[in-house]
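K.L.:
One structure is given below, represented as structure tokens, and several questions about it will come after.
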Amino acid sequence: MNSIYDCRLLIVDDYLEIRRMVTGILKQRGFSCLDTAASCREAGEKVRSFRPDLIILDVMLPDGDGFSFMKELREWSNVPVLFLSAKDEDTDRLTGLGLGADDYITKPFLAEELILRLTAVLKRTYFPLGQGAPAQTVLTLGRRTINFDSGMVEWEGHSQALTAKELGILKKLAENRGNIVTFDNLCQAVWGDDYFGYENTLMVHIRRLRAKIEEDPSRPVWLLTARGLGYRLAKEANAR
């Protein structure tokens with residue numbers, strides 16, 4: 001793709017009016033490769049056939065909920081997800097972000113807010129600003145290999161997908177391997193300039209990331225905590 005406007009976007013909502021409204025907003029702003037789904041079942045089919053670059057996902061769906069759908073989705077795909085929901089409780093927002101969602105917008109919403117947040121996710125995921133030396137594409141942590149291009153963790157014939165947020169966190173730590181990366185720097189690298197308030201969500205992503213890259217997530221040897229400061233990716237397994 002040459003620009004964010006070439007990205008394929010899937011809108012999942014059980015209300016036809018919402019699907020039409022969001023589709024209209026996106027088309028008006030230059031996005032043309034769009035598809036929609038009205039249920040979890042239909043969304044799963046569309047993800048496999050349409051292969052979206054980002055999913056705009058409602059929480060309440062007729063055959064399930066967006067949280068459950070995302071749990072299943074993350075077992076085989078790391079496509080960015082932006083929740084668009086009428087559920088505005090803090091617990092719902094934290095649940096969505098904790099599952100690996102890239103953002104969470106509540107209804108009713110401003111068209112400009114949707115576009116700003118959506119384009120921010122697309123730019124961070126597919127069009128990062130490249131500066132300095134070429135970014136590494138493979139990271140080896142003990143028996144696990146992380147492929148940054150595919151977003152997959154592989155070990156002994158097994159594989160597991162990283163979410164876009166987990167991938168962003170790991171890339172930032174890998175770029176500074178051996179050194180402490182502060183909470184603020186990690187949040188800014190993943191959420192951009194509007195990162196304030198995401199510190200607790202960062203901890204959730206770190207816990208989920210450790211479950212994928214560590215042999216024993218409760219006793220990490222690679223992704224280490226620098227108490228009160230941030231996190232550090234060790235160069236060696238015994239480097240604490």
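Chains: A, B, ... in order of the structure tokens. Residues: from 1 per chain. Ligands: from 1, in order shown.
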Could I get the residues of stretch 118-191 of chain A with an atom no further than 10 Å from an atom of stretch 81-97 of chain A, each paired with its nearest atom pair and that distance in Å to one decimal, using only C-alpha atoms, sorted by chain and residue number, as CSV?

P.N.:
```
residue,atom,partner,partner_atom,distance
A:Leu118,CA,A:Leu82,CA,7.4
A:Val121,CA,A:Leu82,CA,8.4
A:Thr163,CA,A:Val81,CA,9.3
A:Ala164,CA,A:Val81,CA,8.8
A:Lys165,CA,A:Leu97,CA,9.3
```

K.L.:
Quick one: DSSP alpha helix (DSSP H) residues in stretch 2-240 of chain A, as a PyMOL selection string?

P.N.:
chain A and resi 16-28+40-50+66-73+90-98+111-126+164-175+183-191+199-213

K.L.:
For the structure I just gave you, how does DSSP split stretch 60-238 of chain A - specifically, which residues are strand (DSSP E or B)? Reply as a PyMOL selection string.

P.N.:
chain A and resi 60-61+64-65+81-85+103-106+138-141+144-147+152-155+158-161+180-182+223-226+230-233

K.L.:
What's the 12 Å shell around A:Glu42, counting only C-alpha atoms, without same-chain residues fewer than 2 positions away, as a ChimeraX atom specification?

P.N.:
/A:10-14,35-40,44-50,61-64,69

K.L.:
Using only C-alpha atoms, which of the listed residues (A:Met21, A:Val59, A:Ile180, A:Leu16) sits closest to A:Ala111?

P.N.:
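Ranked by minimum distance to A:Ala111, first place goes to A:Met21.
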
K.L.:
For atom CA of A:Asn78 and atom CA of A:Ile4, quote the distance in Å rounded to one decimal.

P.N.:
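Atom CA of A:Ile4 lies at a distance of 17.7 Å from atom CA of A:Asn78.
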